[in-house]
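J.: Input structure: model_39.tsv, which contains TSV, C-alpha atoms and all ligand atoms.
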```tsv
chain	number	residue	atom	x	y	z
A	1	MET	CA	54.66	-34.03	-6.00
A	2	SER	CA	54.81	-33.08	-9.41
A	3	LYS	CA	53.31	-34.62	-12.34
A	4	SER	CA	56.07	-35.29	-14.79
A	5	LEU	CA	55.86	-36.33	-18.36
A	6	ARG	CA	57.80	-39.40	-17.64
A	7	GLY	CA	59.81	-40.66	-14.82
A	8	ASN	CA	59.55	-42.86	-11.89
A	9	PHE	CA	61.59	-44.44	-9.22
A	10	LYS	CA	61.78	-47.45	-11.37
A	11	TRP	CA	63.61	-45.43	-13.91
A	12	LEU	CA	66.33	-44.32	-11.56
A	13	VAL	CA	68.43	-47.05	-12.95
A	14	GLY	CA	66.67	-47.05	-16.23
A	15	ALA	CA	68.21	-47.89	-19.50
A	16	VAL	CA	71.41	-49.69	-18.91
A	17	VAL	CA	73.41	-49.18	-21.98
A	18	GLY	CA	74.21	-52.38	-23.74
A	19	VAL	CA	72.50	-54.59	-21.20
A	20	SER	CA	68.87	-55.52	-21.14
A	21	LEU	CA	67.77	-54.85	-17.63
A	22	LEU	CA	64.13	-54.25	-18.32
A	23	GLY	CA	62.23	-57.41	-17.77
A	24	GLY	CA	65.11	-58.76	-15.83
A	25	CYS	CA	63.15	-58.56	-12.61
A	26	GLY	CA	65.80	-56.75	-10.72
A	27	ALA	CA	68.65	-59.00	-11.65
A	28	PRO	CA	71.84	-57.00	-11.67
A	29	ALA	CA	73.00	-56.21	-15.14
A	30	ASP	CA	76.34	-57.56	-14.36
A	31	ALA	CA	77.25	-59.76	-11.48
A	32	THR	CA	80.52	-58.10	-10.70
A	33	ASP	CA	82.80	-59.17	-7.94
A	34	THR	CA	82.70	-55.71	-6.50
A	35	THR	CA	81.92	-55.90	-2.84
A	36	PRO	CA	80.54	-52.71	-1.41
A	37	ALA	CA	82.21	-51.24	1.63
A	38	ALA	CA	80.50	-51.73	4.95
A	39	GLY	CA	77.33	-49.76	5.19
A	40	GLU	CA	76.98	-49.33	1.47
A	41	GLN	CA	74.59	-51.18	-0.71
A	42	THR	CA	74.82	-51.97	-4.35
A	43	THR	CA	72.01	-52.55	-6.75
A	44	ASN	CA	72.37	-52.98	-10.43
A	45	GLY	CA	76.00	-52.10	-10.05
A	46	VAL	CA	75.42	-48.74	-8.41
A	47	THR	CA	76.63	-47.88	-4.94
A	48	ALA	CA	75.18	-44.98	-2.98
A	49	THR	CA	76.90	-43.17	-0.14
A	50	VAL	CA	75.87	-40.20	1.97
A	51	ALA	CA	78.32	-37.91	3.78
A	52	LEU	CA	78.02	-34.98	6.15
A	53	ALA	CA	80.55	-32.22	6.74
A	54	LYS	CA	79.61	-31.59	10.37
A	55	ALA	CA	78.25	-33.72	13.17
A	56	SER	CA	76.19	-30.95	14.71
A	57	LEU	CA	74.38	-27.97	13.26
A	58	SER	CA	72.84	-24.92	14.86
A	59	ALA	CA	69.42	-23.61	13.91
A	60	ARG	CA	71.04	-20.98	11.71
A	61	GLU	CA	72.91	-23.52	9.57
A	62	ASP	CA	71.47	-25.24	6.53
A	63	VAL	CA	71.53	-29.01	6.65
A	64	THR	CA	72.97	-30.49	3.48
A	65	VAL	CA	74.35	-33.94	2.75
A	66	THR	CA	76.64	-34.99	-0.05
A	67	VAL	CA	75.28	-37.94	-2.03
A	68	THR	CA	77.63	-39.96	-4.21
A	69	LEU	CA	76.52	-42.62	-6.67
A	70	THR	CA	79.20	-44.86	-8.12
A	71	ASN	CA	78.95	-47.33	-10.97
A	72	THR	CA	80.75	-50.35	-9.61
A	73	SER	CA	79.81	-52.58	-12.52
A	74	SER	CA	81.72	-53.19	-15.72
A	75	GLN	CA	78.95	-51.71	-17.87
A	76	PRO	CA	77.80	-48.14	-18.37
A	77	VAL	CA	74.72	-47.35	-16.27
A	78	SER	CA	72.18	-44.64	-17.05
A	79	LEU	CA	70.49	-42.86	-14.18
A	80	LEU	CA	67.61	-40.43	-14.20
A	81	LYS	CA	68.93	-36.99	-13.39
A	82	TRP	CA	65.86	-36.19	-11.32
A	83	TYR	CA	66.91	-38.64	-8.69
A	84	THR	CA	70.61	-38.03	-8.75
A	85	PRO	CA	72.65	-35.35	-7.01
A	86	GLY	CA	73.88	-32.55	-9.19
A	87	GLU	CA	70.47	-31.67	-10.51
A	88	GLY	CA	69.48	-30.85	-6.99
A	89	LEU	CA	67.61	-34.04	-6.26
A	90	LYS	CA	64.49	-31.97	-6.01
A	91	GLU	CA	62.21	-34.69	-4.75
A	92	GLY	CA	62.28	-36.49	-1.46
A	93	ARG	CA	64.70	-39.28	-2.12
A	94	LEU	CA	66.21	-39.19	1.32
A	95	THR	CA	64.94	-41.08	4.30
A	96	VAL	CA	65.20	-38.89	7.38
A	97	THR	CA	64.44	-39.97	10.93
A	98	ARG	CA	64.73	-38.18	14.27
A	99	ASP	CA	65.35	-40.34	17.32
A	100	GLY	CA	64.02	-43.25	15.31
A	101	GLN	CA	60.84	-41.49	14.15
A	102	ALA	CA	60.19	-40.77	10.49
A	103	VAL	CA	60.50	-37.09	9.63
A	104	GLN	CA	57.95	-35.54	7.31
A	105	TYR	CA	58.94	-34.52	3.80
A	106	ILE	CA	57.72	-30.98	3.25
A	107	GLY	CA	59.27	-30.30	-0.17
A	108	PRO	CA	57.54	-30.29	-3.53
A	109	HIS	CA	56.01	-33.20	-5.48
A	110	PHE	CA	56.21	-33.14	-9.27
A	111	LYS	CA	54.45	-34.53	-12.30
A	112	ARG	CA	57.13	-35.12	-14.86
A	113	VAL	CA	57.27	-36.04	-18.50
A	114	ALA	CA	58.32	-39.53	-19.49
A	115	PRO	CA	62.11	-39.59	-19.39
A	116	ARG	CA	63.72	-38.14	-22.48
A	117	PRO	CA	67.28	-38.97	-23.51
A	118	GLU	CA	68.48	-35.70	-22.03
A	119	ASP	CA	66.95	-36.64	-18.68
A	120	TYR	CA	69.54	-39.37	-18.13
A	121	VAL	CA	73.12	-39.20	-17.06
A	122	THR	CA	75.36	-42.13	-17.92
A	123	LEU	CA	78.10	-43.31	-15.60
A	124	ALA	CA	80.99	-45.21	-17.14
A	125	PRO	CA	82.34	-48.19	-15.19
A	126	GLY	CA	84.02	-46.82	-12.08
A	127	GLU	CA	82.60	-43.34	-12.58
A	128	SER	CA	80.93	-41.43	-9.75
A	129	LEU	CA	78.42	-38.65	-9.53
A	130	SER	CA	78.42	-36.53	-6.42
A	131	GLY	CA	76.64	-33.43	-5.21
A	132	PRO	CA	74.91	-31.67	-2.36
A	133	VAL	CA	71.34	-32.49	-1.46
A	134	ALA	CA	69.33	-30.16	0.76
A	135	VAL	CA	67.74	-31.55	3.91
A	136	SER	CA	66.60	-28.34	5.58
A	137	GLY	CA	63.68	-26.80	3.78
A	138	ARG	CA	62.75	-30.24	2.43
A	139	TYR	CA	62.26	-32.13	5.68
A	140	ASP	CA	60.69	-30.97	8.92
A	141	LEU	CA	63.62	-30.10	11.18
A	142	SER	CA	61.59	-28.14	13.70
A	143	GLU	CA	62.55	-30.42	16.58
A	144	THR	CA	66.00	-30.54	18.13
A	145	GLY	CA	67.45	-34.03	18.09
A	146	SER	CA	69.63	-36.64	16.52
A	147	TYR	CA	68.71	-37.07	12.87
A	148	ALA	CA	69.66	-40.04	10.70
A	149	ILE	CA	69.79	-39.56	6.94
A	150	ARG	CA	69.97	-42.07	4.10
A	151	TYR	CA	69.56	-41.87	0.38
A	152	ALA	CA	66.84	-44.37	-0.43
A	153	GLN	CA	65.58	-45.51	-3.74
A	154	GLU	CA	62.49	-47.53	-3.13
A	155	ALA	CA	61.74	-50.57	-5.19
A	156	HIS	CA	58.76	-49.68	-7.32
A	157	ASP	CA	59.76	-52.25	-9.75
A	158	ASN	CA	56.64	-52.55	-11.81
A	159	VAL	CA	58.41	-52.68	-15.11
A	160	GLY	CA	61.19	-54.88	-13.94
A	161	GLY	CA	64.82	-54.22	-13.66
A	162	VAL	CA	65.27	-52.03	-10.66
A	163	SER	CA	65.49	-53.06	-7.07
A	164	ALA	CA	65.75	-51.10	-3.88
A	165	PHE	CA	68.67	-48.83	-3.73
A	166	ALA	CA	69.91	-47.44	-0.45
A	167	SER	CA	72.99	-45.82	1.00
A	168	ASN	CA	74.75	-45.89	4.31
A	169	GLU	CA	73.20	-43.83	7.10
A	170	VAL	CA	74.74	-40.71	8.60
A	171	SER	CA	73.79	-39.10	11.91
A	172	VAL	CA	73.74	-35.43	12.76
A	173	TRP	CA	72.67	-33.40	15.75
A	174	VAL	CA	70.34	-30.67	14.55
A	175	GLU	CA	69.06	-27.77	16.56
A	176	GLY	CA	65.37	-27.33	15.84
A	177	ARG	CA	64.60	-24.41	13.61
A	178	SER	CA	61.42	-22.48	13.13
A	179	SER	CA	60.61	-24.62	10.19
A	180	ALA	CA	59.62	-22.78	7.07
A	181	LEU	CA	56.99	-25.41	6.60
A	182	GLU	CA	55.24	-24.78	3.36
A	183	SER	CA	52.03	-25.50	5.19
A	184	ASP	CA	52.62	-22.40	7.25
A	185	ARG	CA	52.39	-20.28	4.17
A	186	VAL	CA	49.00	-18.80	3.89
A	187	VAL	CA	47.49	-18.94	0.47
A	188	THR	CA	44.69	-16.52	0.07
A	189	ALA	CA	42.58	-16.32	-3.00
A	190	GLU	CA	39.04	-16.21	-4.09
A	191	SER	CA	38.01	-19.18	-6.13
A	192	LEU	CA	40.74	-19.19	-8.77
A	193	SER	CA	43.60	-16.73	-8.88
A	194	TYR	CA	47.03	-16.55	-10.44
A	195	SER	CA	50.59	-15.82	-9.43
A	196	GLY	CA	53.98	-15.96	-11.08
A	197	ALA	CA	53.11	-13.68	-13.99
A	198	CYS	CA	50.59	-15.81	-15.87
A	199	THR	CA	49.77	-14.21	-19.20
A	200	THR	CA	46.19	-13.57	-20.23
A	201	SER	CA	46.17	-16.57	-22.54
A	202	GLN	CA	47.70	-18.74	-19.81
A	203	GLN	CA	45.02	-17.62	-17.39
A	204	SER	CA	42.41	-18.56	-19.91
A	205	ALA	CA	43.90	-22.03	-20.43
A	206	ILE	CA	44.16	-22.55	-16.67
A	207	SER	CA	40.58	-21.54	-16.12
A	208	THR	CA	39.42	-24.03	-18.76
A	209	ALA	CA	41.63	-26.70	-17.21
A	210	VAL	CA	40.18	-26.12	-13.75
A	211	SER	CA	36.69	-26.54	-15.18
A	212	GLY	CA	37.84	-29.70	-16.90
A	213	ALA	CA	39.38	-31.00	-13.66
A	214	LEU	CA	36.12	-30.35	-11.83
A	215	THR	CA	34.26	-32.31	-14.52
A	216	TYR	CA	36.76	-35.18	-14.39
A	217	SER	CA	36.73	-35.45	-10.61
A	218	THR	CA	32.95	-35.12	-10.40
A	219	ASN	CA	32.50	-37.84	-13.01
A	220	ALA	CA	35.00	-40.08	-11.20
A	221	TYR	CA	33.19	-39.56	-7.91
A	222	ASN	CA	29.79	-40.16	-9.47
A	223	TYR	CA	31.02	-43.36	-11.07
A	224	LEU	CA	32.27	-44.66	-7.73
A	225	ASN	CA	29.16	-43.46	-5.94
A	226	THR	CA	26.55	-44.89	-8.30
A	227	THR	CA	28.20	-48.04	-9.64
A	228	THR	CA	27.69	-51.15	-7.55
A	229	PRO	CA	31.15	-51.65	-6.04
A	230	SER	CA	32.91	-54.53	-7.75
A	231	GLY	CA	35.95	-55.31	-9.83
A	232	THR	CA	34.95	-53.25	-12.83
A	233	ALA	CA	37.36	-52.80	-15.71
A	234	ARG	CA	37.77	-49.11	-14.98
A	235	TYR	CA	38.41	-49.64	-11.27
A	236	THR	CA	40.78	-52.59	-11.55
A	237	THR	CA	42.78	-51.04	-14.38
A	238	TRP	CA	43.82	-48.13	-12.17
A	239	PHE	CA	43.35	-49.31	-8.61
A	240	GLY	CA	43.97	-53.03	-8.85
A	241	ALA	CA	42.11	-55.96	-7.34
A	242	TYR	CA	38.73	-54.92	-5.97
A	243	THR	CA	38.16	-54.57	-2.26
A	244	SER	CA	35.28	-52.68	-0.74
A	245	SER	CA	37.61	-50.66	1.49
A	246	GLY	CA	39.78	-49.76	-1.50
A	247	TRP	CA	36.74	-48.59	-3.43
A	248	SER	CA	35.64	-46.47	-0.45
A	249	THR	CA	39.10	-44.96	-0.13
A	250	VAL	CA	39.32	-43.75	-3.70
A	251	LYS	CA	35.71	-42.59	-3.62
A	252	SER	CA	36.57	-40.38	-0.65
A	253	HIS	CA	39.58	-39.08	-2.54
A	254	TYR	CA	37.48	-37.95	-5.50
A	255	LEU	CA	34.91	-36.43	-3.18
A	256	ASN	CA	37.65	-34.25	-1.71
A	257	ILE	CA	39.15	-33.52	-5.11
A	258	LYS	CA	35.88	-32.41	-6.68
A	259	ASN	CA	34.95	-30.36	-3.63
A	260	ALA	CA	38.29	-28.58	-3.80
A	261	PHE	CA	37.85	-27.79	-7.49
A	262	SER	CA	34.34	-26.52	-6.89
A	263	SER	CA	34.92	-24.38	-3.83
A	264	ALA	CA	38.54	-24.08	-2.67
A	265	ALA	CA	40.67	-20.98	-3.17
A	266	ILE	CA	42.95	-22.31	-5.88
A	267	VAL	CA	46.07	-20.39	-6.88
A	268	VAL	CA	47.89	-21.40	-10.05
A	269	ASP	CA	51.45	-20.16	-10.45
A	270	CYS	CA	53.09	-19.82	-13.88
A	271	SER	CA	56.70	-19.10	-12.89
A	272	CYS	CA	58.05	-22.63	-13.54
A	273	THR	CA	59.22	-23.18	-17.13
A	274	ASP	CA	60.86	-26.64	-16.95
A	275	SER	CA	59.89	-28.53	-20.11
A	276	GLY	CA	60.31	-31.89	-18.38
A	277	THR	CA	57.73	-31.12	-15.74
A	278	TYR	CA	53.97	-30.64	-15.97
A	279	ALA	CA	53.41	-29.22	-12.54
A	280	TYR	CA	54.21	-29.50	-8.86
A	281	VAL	CA	52.77	-28.70	-5.46
A	282	TYR	CA	53.82	-28.57	-1.85
A	283	PRO	CA	51.44	-31.07	-0.27
A	284	GLY	CA	51.16	-29.02	2.91
A	285	SER	CA	50.19	-25.87	1.01
A	286	PRO	CA	46.71	-26.23	-0.37
A	287	TYR	CA	45.64	-25.14	-2.93
A	288	LYS	CA	48.59	-23.64	-4.74
A	289	ILE	CA	49.58	-25.44	-7.94
A	290	TYR	CA	52.71	-24.57	-9.90
A	291	VAL	CA	52.38	-25.36	-13.60
A	292	CYS	CA	55.52	-25.82	-15.72
A	293	GLY	CA	56.59	-26.08	-19.36
A	294	ALA	CA	55.05	-29.45	-20.20
A	295	PHE	CA	51.67	-28.24	-18.96
A	296	TRP	CA	51.38	-25.75	-21.80
A	297	SER	CA	51.96	-28.34	-24.51
A	298	ALA	CA	49.47	-30.81	-22.99
A	299	PRO	CA	45.97	-31.10	-24.48
A	300	GLN	CA	43.10	-29.62	-22.46
A	301	THR	CA	41.56	-33.05	-21.87
A	302	GLY	CA	42.57	-36.66	-22.46
A	303	THR	CA	45.62	-38.60	-21.32
A	304	ASP	CA	48.19	-36.46	-19.51
A	305	SER	CA	46.08	-33.41	-20.21
A	306	LYS	CA	45.95	-30.06	-18.48
A	307	ALA	CA	42.73	-31.00	-16.71
A	308	GLY	CA	44.12	-34.38	-15.70
A	309	THR	CA	47.34	-32.83	-14.45
A	310	LEU	CA	45.33	-30.61	-12.13
A	311	VAL	CA	43.53	-33.70	-10.78
A	312	HIS	CA	46.95	-35.29	-10.20
A	313	GLU	CA	48.20	-32.22	-8.35
A	314	MET	CA	45.05	-31.71	-6.31
A	315	SER	CA	45.28	-35.31	-5.09
A	316	HIS	CA	48.69	-34.57	-3.55
A	317	PHE	CA	47.50	-32.09	-0.98
A	318	THR	CA	47.48	-33.67	2.44
A	319	VAL	CA	44.04	-32.27	3.19
A	320	VAL	CA	42.68	-33.72	-0.06
A	321	ALA	CA	44.05	-37.23	-0.65
A	322	GLY	CA	47.72	-37.03	0.34
A	323	THR	CA	48.92	-39.05	-2.64
A	324	ASN	CA	52.52	-39.79	-3.59
A	325	ASP	CA	54.34	-40.37	-6.86
A	326	TYR	CA	55.13	-44.07	-6.89
A	327	ALA	CA	54.81	-44.33	-10.66
A	328	TYR	CA	54.45	-41.93	-13.57
A	329	GLY	CA	52.77	-42.62	-16.89
A	330	GLN	CA	49.90	-44.89	-17.93
A	331	SER	CA	52.00	-48.00	-18.41
A	332	ALA	CA	53.69	-47.79	-15.02
A	333	ALA	CA	50.44	-46.82	-13.33
A	334	LYS	CA	48.70	-49.92	-14.73
A	335	SER	CA	51.57	-52.10	-13.62
A	336	LEU	CA	51.42	-50.57	-10.15
A	337	ALA	CA	47.69	-51.35	-9.94
A	338	LYS	CA	48.49	-55.01	-10.65
A	339	SER	CA	51.51	-55.32	-8.41
A	340	ASN	CA	50.56	-53.09	-5.50
A	341	PRO	CA	46.93	-51.91	-5.30
A	342	THR	CA	47.60	-50.18	-1.99
A	343	ASN	CA	50.23	-47.95	-3.57
A	344	ALA	CA	48.08	-47.49	-6.68
A	345	ARG	CA	45.34	-46.07	-4.46
A	346	ALA	CA	47.93	-43.67	-3.05
A	347	ASN	CA	49.50	-42.73	-6.40
A	348	ALA	CA	48.66	-39.42	-8.04
A	349	ASP	CA	48.87	-40.57	-11.66
A	350	ASN	CA	46.49	-43.47	-11.00
A	351	HIS	CA	43.94	-40.92	-9.83
A	352	GLU	CA	44.56	-38.82	-12.91
A	353	TYR	CA	44.17	-41.72	-15.32
A	354	PHE	CA	41.07	-43.10	-13.63
A	355	ALA	CA	39.55	-39.63	-13.92
A	356	GLU	CA	40.65	-39.12	-17.54
A	357	ASN	CA	39.28	-42.61	-18.32
A	358	ASN	CA	40.98	-42.69	-21.68
A	359	PRO	CA	40.31	-44.98	-23.46
A	360	ALA	CA	36.91	-45.08	-21.80
A	361	GLN	CA	36.06	-48.09	-19.66
A	362	ASN	CA	33.07	-48.96	-17.55
A	401	ZN	ZN	52.91	-35.83	-8.51
```
Could you render the structure from this file as structure tokens?
Ligand SMILES: [Zn+2]

T.:
Amino acid sequence: MSKSLRGNFKWLVGAVVGVSLLGGCGAPADATDTTPAAGEQTTNGVTATVALAKASLSAREDVTVTVTLTNTSSQPVSLLKWYTPGEGLKEGRLTVTRDGQAVQYIGPHFKRVAPRPEDYVTLAPGESLSGPVAVSGRYDLSETGSYAIRYAQEAHDNVGGVSAFASNEVSVWVEGRSSALESDRVVTAESLSYSGACTTSQQSAISTAVSGALTYSTNAYNYLNTTTPSGTARYTTWFGAYTSSGWSTVKSHYLNIKNAFSSAAIVVDCSCTDSGTYAYVYPGSPYKIYVCGAFWSAPQTGTDSKAGTLVHEMSHFTVVAGTNDYAYGQSAAKSLAKSNPTNARANADNHEYFAENNPAQN
């Protein structure tokens, strides 16, 4: 789960050129007569299909599906590259089950920048985008069995305009492989260490950011621990309608986050240079955090800062808070808190923004 500058599920079908989708509450941009083929689903004029080359794969074979997105509307449609094939579909946008049971996603989670024009790809009417998407190495295929795979775009429609987005389902027999689960990788370090050729000045900035993240998470925990639980402005802005169990949940998250920053063996890796990404982690591999291009241009503290990004990333680790990326950016995070407090309490950016508390609220 990375922290990106911008980007969110809701942006998958983001700006629809020439048609105002935003605020349209999921209404298709264009009510075309196009009827999807059986097993396909269309949303906002985009049809998704998943295909497999083989029906059965040995443990030595990589499992890859081909995802195709087709604009079946009469208007151009812009899609976020992050969630489309061709750019590798780096995040878990597939739904994988084995014998009916959900299979764990073991790939990375990112924090991305807000989508920039170059982060979109536009499909003309009738145009398709197709490419391979890795399943092995991203999902836990350690058990032999019948796996079912779909491309699924969840509806995190807190800005309006995008609805759920799913493909047909394909089935494949997969021989269990000694899964290279990221969680099996042993990270050893003392306190804070570096990998991926961090320069001296980068190490210095990281060290300051870790201190800042400890301060942020400690302050967040102390706020939740000493304030009488209620629907305070700060709490409801980021975590939605007050409930005592919700308050307890996020308090426990910040307890784990601050404890990790104060005493865990954190490794920060500098090898990623993507300017559209702040950072990412493998949730099963505490406490290794990969920082990317956008991290270096972020301020040390404040909104979408280096320190805040580290809070975001730390919250992703399964042993810490196990958060997801349902929404990126302050605006989307606030909307998520209003529309779905449960997901807000499980969303990494909401934890970051509550901790950054900028502008300050009580
Ligand atoms: Zn993330």

J.: Could you make a table, as CSV, of the residues of chain A that have an atom within 9 Å of an atom of ligand ZN 401 (chain A), each with its nearest atom pair and distance in Å to one decimal, counting all atoms listed in the file, in chain and number order?

T.:
```
residue,atom,partner,partner_atom,distance
A:Met1,CA,A:ZN401,ZN,3.6
A:Ser2,CA,A:ZN401,ZN,3.5
A:Lys3,CA,A:ZN401,ZN,4.0
A:Ser4,CA,A:ZN401,ZN,7.1
A:Pro108,CA,A:ZN401,ZN,8.8
A:His109,CA,A:ZN401,ZN,5.1
A:Phe110,CA,A:ZN401,ZN,4.3
A:Lys111,CA,A:ZN401,ZN,4.3
A:Arg112,CA,A:ZN401,ZN,7.7
A:Ala279,CA,A:ZN401,ZN,7.8
A:Tyr280,CA,A:ZN401,ZN,6.5
A:Val281,CA,A:ZN401,ZN,7.8
A:Thr309,CA,A:ZN401,ZN,8.7
A:His312,CA,A:ZN401,ZN,6.2
A:Glu313,CA,A:ZN401,ZN,5.9
A:Ser315,CA,A:ZN401,ZN,8.4
A:His316,CA,A:ZN401,ZN,6.6
A:Thr323,CA,A:ZN401,ZN,7.8
A:Asn324,CA,A:ZN401,ZN,6.3
A:Asp325,CA,A:ZN401,ZN,5.0
A:Tyr326,CA,A:ZN401,ZN,8.7
A:Ala327,CA,A:ZN401,ZN,9.0
A:Tyr328,CA,A:ZN401,ZN,8.1
A:Asn347,CA,A:ZN401,ZN,8.0
A:Ala348,CA,A:ZN401,ZN,5.6
A:Asp349,CA,A:ZN401,ZN,7.0
```

J.: From the list A:Leu336, A:Ala241, A:Ala307, A:Val113, which residue is nearest Asp274 of chain A when using only C-alpha atoms?

T.: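 So, comparing all the options, the nearest one is A:Val113.
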
J.: Have a look at atom CA of Cys198 of chain A and atom CA of Gly293 of chain A and let me know their distance in Å, one decimal.

T.: 12.4 Å

J.: May I have the residues within 9 Å of Ala260 of chain A as a PDB file with C-alpha atoms, in the frame of the given file, using all atoms listed in the file and disregarding those fewer than 3 positions away in the same chain?

T.:
```
ATOM      1  CA  LEU A 214      36.120 -30.350 -11.830  1.00  0.00           C
ATOM      2  CA  LEU A 255      34.910 -36.430  -3.180  1.00  0.00           C
ATOM      3  CA  ASN A 256      37.650 -34.250  -1.710  1.00  0.00           C
ATOM      4  CA  ILE A 257      39.150 -33.520  -5.110  1.00  0.00           C
ATOM      5  CA  SER A 263      34.920 -24.380  -3.830  1.00  0.00           C
ATOM      6  CA  ALA A 264      38.540 -24.080  -2.670  1.00  0.00           C
ATOM      7  CA  ALA A 265      40.670 -20.980  -3.170  1.00  0.00           C
ATOM      8  CA  ILE A 266      42.950 -22.310  -5.880  1.00  0.00           C
ATOM      9  CA  TYR A 287      45.640 -25.140  -2.930  1.00  0.00           C
ATOM     10  CA  MET A 314      45.050 -31.710  -6.310  1.00  0.00           C
ATOM     11  CA  VAL A 320      42.680 -33.720  -0.060  1.00  0.00           C
TER      12      VAL A 320
END
```

J.: Would you please work out which residue, of A:Ser130, A:Ser275, A:Asn343, A:Ser78, is nearest to Val250 of chain A when using all atoms listed in the file?

T.: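 Answer, going by the shortest atom-to-atom distance: A:Asn343.
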
J.: Which residues are near segment 138-147 of chain A? Cut-off 8 Å, all atoms listed in the file, ignore same chain within fewer than 6 positions. Put them as an MDAnalysis selection string.

T.: chainID A and resid 92 96:99 103:108 171:179 181

J.: Work out how far atom CA of Asn340 of chain A is from atom CA of Trp238 of chain A, in Å to one decimal.

T.: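 Computing it gives 10.7 Å between the two atoms.
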
J.: Nearest residue to Ser271 of chain A out of A:Gly246, A:Gly196, A:Gly302, A:Thr218, using all atoms listed in the file?

T.: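 Smallest distance to Ser271 of chain A is found for A:Gly196.
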
J.: Taking into account all atoms listed in the file, which residue in the set A:Val170, A:Glu127, A:Thr237, A:Phe261 is nearest to Ser56 of chain A?

T.: A:Val170

J.: Mind giving me the straight-line distance from atom CA of Ala220 of chain A to atom CA of Asp304 of chain A in Å, one decimal?

T.: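 Spanning atom CA of Ala220 of chain A to atom CA of Asp304 of chain A is a straight-line distance of 16.0 Å.
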
J.: For a quick check of understanding, using only C-alpha atoms, which of A:Ala197, A:Ala209, A:Ala59, A:Ala344 has the smallest distance to Gly240 of chain A?

T.: A:Ala344

J.: Smallest atom-to-atom distance to Ser339 of chain A: which of A:Thr236, A:Gln202, A:Phe295, A:Glu61, using only C-alpha atoms?

T.: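 Nearest to Ser339 of chain A: A:Thr236.
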
J.: Near segment 133-135 of chain A, counting only C-alpha atoms, which residues have an atom at most 8 Å away, once you skip same-chain residues fewer than 4 positions from it, shown as an mmCIF file with C-alpha atoms, in the coordinates of the input?

T.:
```cif
data_model
loop_
_atom_site.group_PDB
_atom_site.id
_atom_site.type_symbol
_atom_site.label_atom_id
_atom_site.label_comp_id
_atom_site.auth_asym_id
_atom_site.auth_seq_id
_atom_site.Cartn_x
_atom_site.Cartn_y
_atom_site.Cartn_z
ATOM 1 C CA ASP A 62 71.470 -25.240 6.530
ATOM 2 C CA VAL A 63 71.530 -29.010 6.650
ATOM 3 C CA THR A 64 72.970 -30.490 3.480
ATOM 4 C CA VAL A 65 74.350 -33.940 2.750
ATOM 5 C CA THR A 66 76.640 -34.990 -0.050
ATOM 6 C CA VAL A 67 75.280 -37.940 -2.030
ATOM 7 C CA PRO A 85 72.650 -35.350 -7.010
ATOM 8 C CA GLY A 88 69.480 -30.850 -6.990
ATOM 9 C CA LEU A 89 67.610 -34.040 -6.260
ATOM 10 C CA TYR A 139 62.260 -32.130 5.680
#
```

J.: Find the residues around Thr95 of chain A up to 9 Å (only C-alpha atoms counted), leave out those fewer than 6 positions away in its own chain, and share them as an mmCIF file with C-alpha atoms, keeping the file's coordinate frame.

T.:
```
data_model
loop_
_atom_site.group_PDB
_atom_site.id
_atom_site.type_symbol
_atom_site.label_atom_id
_atom_site.label_comp_id
_atom_site.auth_asym_id
_atom_site.auth_seq_id
_atom_site.Cartn_x
_atom_site.Cartn_y
_atom_site.Cartn_z
ATOM 1 C CA ALA A 102 60.190 -40.770 10.490
ATOM 2 C CA VAL A 103 60.500 -37.090 9.630
ATOM 3 C CA TYR A 105 58.940 -34.520 3.800
ATOM 4 C CA ALA A 148 69.660 -40.040 10.700
ATOM 5 C CA ILE A 149 69.790 -39.560 6.940
ATOM 6 C CA ARG A 150 69.970 -42.070 4.100
ATOM 7 C CA TYR A 151 69.560 -41.870 0.380
ATOM 8 C CA ALA A 152 66.840 -44.370 -0.430
#
```
